[in-house]
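Enquirer: Provided herewith is a single structure, encoded as structure tokens, for subsequent inquiry.
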Amino acid sequence: MTAGRRFPVSVYGRGVEPDARFTLANERTFLAWIRTALAFLAAGVALELLGPDLNAALRLAASLTLIAAGVLVPLAAWVGWARAERALREGRPLPASPAGVALGAAVVAAGTLLILAILFP
């Protein structure tokens with residue numbers, strides 16, 4: 001398959017084909033972010049369905065925070081994968097990803113809301 005037929009062309013149409021191990025490692029990282037997103041979605045739904053003894057408003061806010069993170073993480077994963085793949089193809093250093101910090105902030109926010117929901121039923 002030529003580079004012109006591979007999707008996305010904005011990634012595969014640049015530079016030279018890198019060592020397959022690096023491309024596969026980049027893909028595994030992308031898939032790990034997808035698994036993380038699924039875990040956030042499941043946690044948000046489970047919290048809302050299985051946490052009825054908690055403060056309803058705070059529980060809902062924590063659930064929505066987790067679900068929003070689960071929806072946004074795949075987008076960040078796709079952008080991160082594309083940026084890393086382009087860097088590999090162009091022989092540039094791998095770019096830093098702000099996704100980890102954003103995800104950490106979502107966990108802190110949801111955890112804080114849950115602490116408040118437990119303390120103030």
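Note on naming: chains are A, B, ... as they come in the structure tokens, residues start from 1 per chain, ligands start from 1 in the order shown.
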Taking 5 positions as the minimum chain separation for residues in the same chain, which residues sit within 9 Å of stretch 33-44 of chain A when counting only C-alpha atoms? Answer as a list in words.

Expert: Arg28, Leu49, Leu60, Ala62, Ser63, Leu64, Thr65, Leu66, Ile67, Ala68, Ala69, Gly70, Val71, Leu72, Val73, Pro74, Ala76 and Ala77 of chain A

Enquirer: Tell me, as a compact mmCIF listing (two decimals) with C-alpha atoms, in the first residue's frame, which residues lie within 12 Å of A:Ile118, counting only C-alpha atoms; anything in the same chain fewer than 6 positions away does not count.

Expert:
```txt
# COMPACT_ATOMS: atom_id res chain seq x y z
CA GLY A 51 -23.62 5.60 44.27
CA PRO A 52 -27.15 6.55 45.37
CA ASP A 53 -26.14 7.20 49.01
CA LEU A 54 -23.92 10.11 47.98
CA ASN A 55 -24.92 13.74 47.58
CA ALA A 56 -26.83 13.63 44.27
CA ALA A 57 -25.55 16.91 42.82
CA LEU A 58 -21.90 16.24 43.67
CA ARG A 59 -22.17 12.62 42.49
CA ALA A 62 -18.17 13.76 39.45
CA GLY A 111 -11.94 12.77 43.36
CA THR A 112 -12.50 16.10 45.09
```

Enquirer: How many Å separate atom CA of A:Arg89 from atom CA of A:Phe22?

Expert: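 Spanning atom CA of A:Arg89 to atom CA of A:Phe22 is a straight-line distance of 10.0 Å.
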
Enquirer: Residues of chain A in helix (DSSP H, G or I) according to DSSP, as a ChimeraX atom specification?

Expert: /A:3-5,9-12,20-50,56-90,99-119

Enquirer: With distances taken over only C-alpha atoms, which of A:Asn26, A:Pro18, A:Phe7, A:Gly104 is nearest to A:Ala84?

Expert: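 For A:Ala84, the nearest of the candidates is A:Asn26.
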
Enquirer: Rounded to one decimal in Å, what is the spacing between atom CA of A:Phe30 and atom CA of A:Tyr12?

Expert: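 Interatomic distance, atom CA of A:Phe30 to atom CA of A:Tyr12: 16.2 Å.
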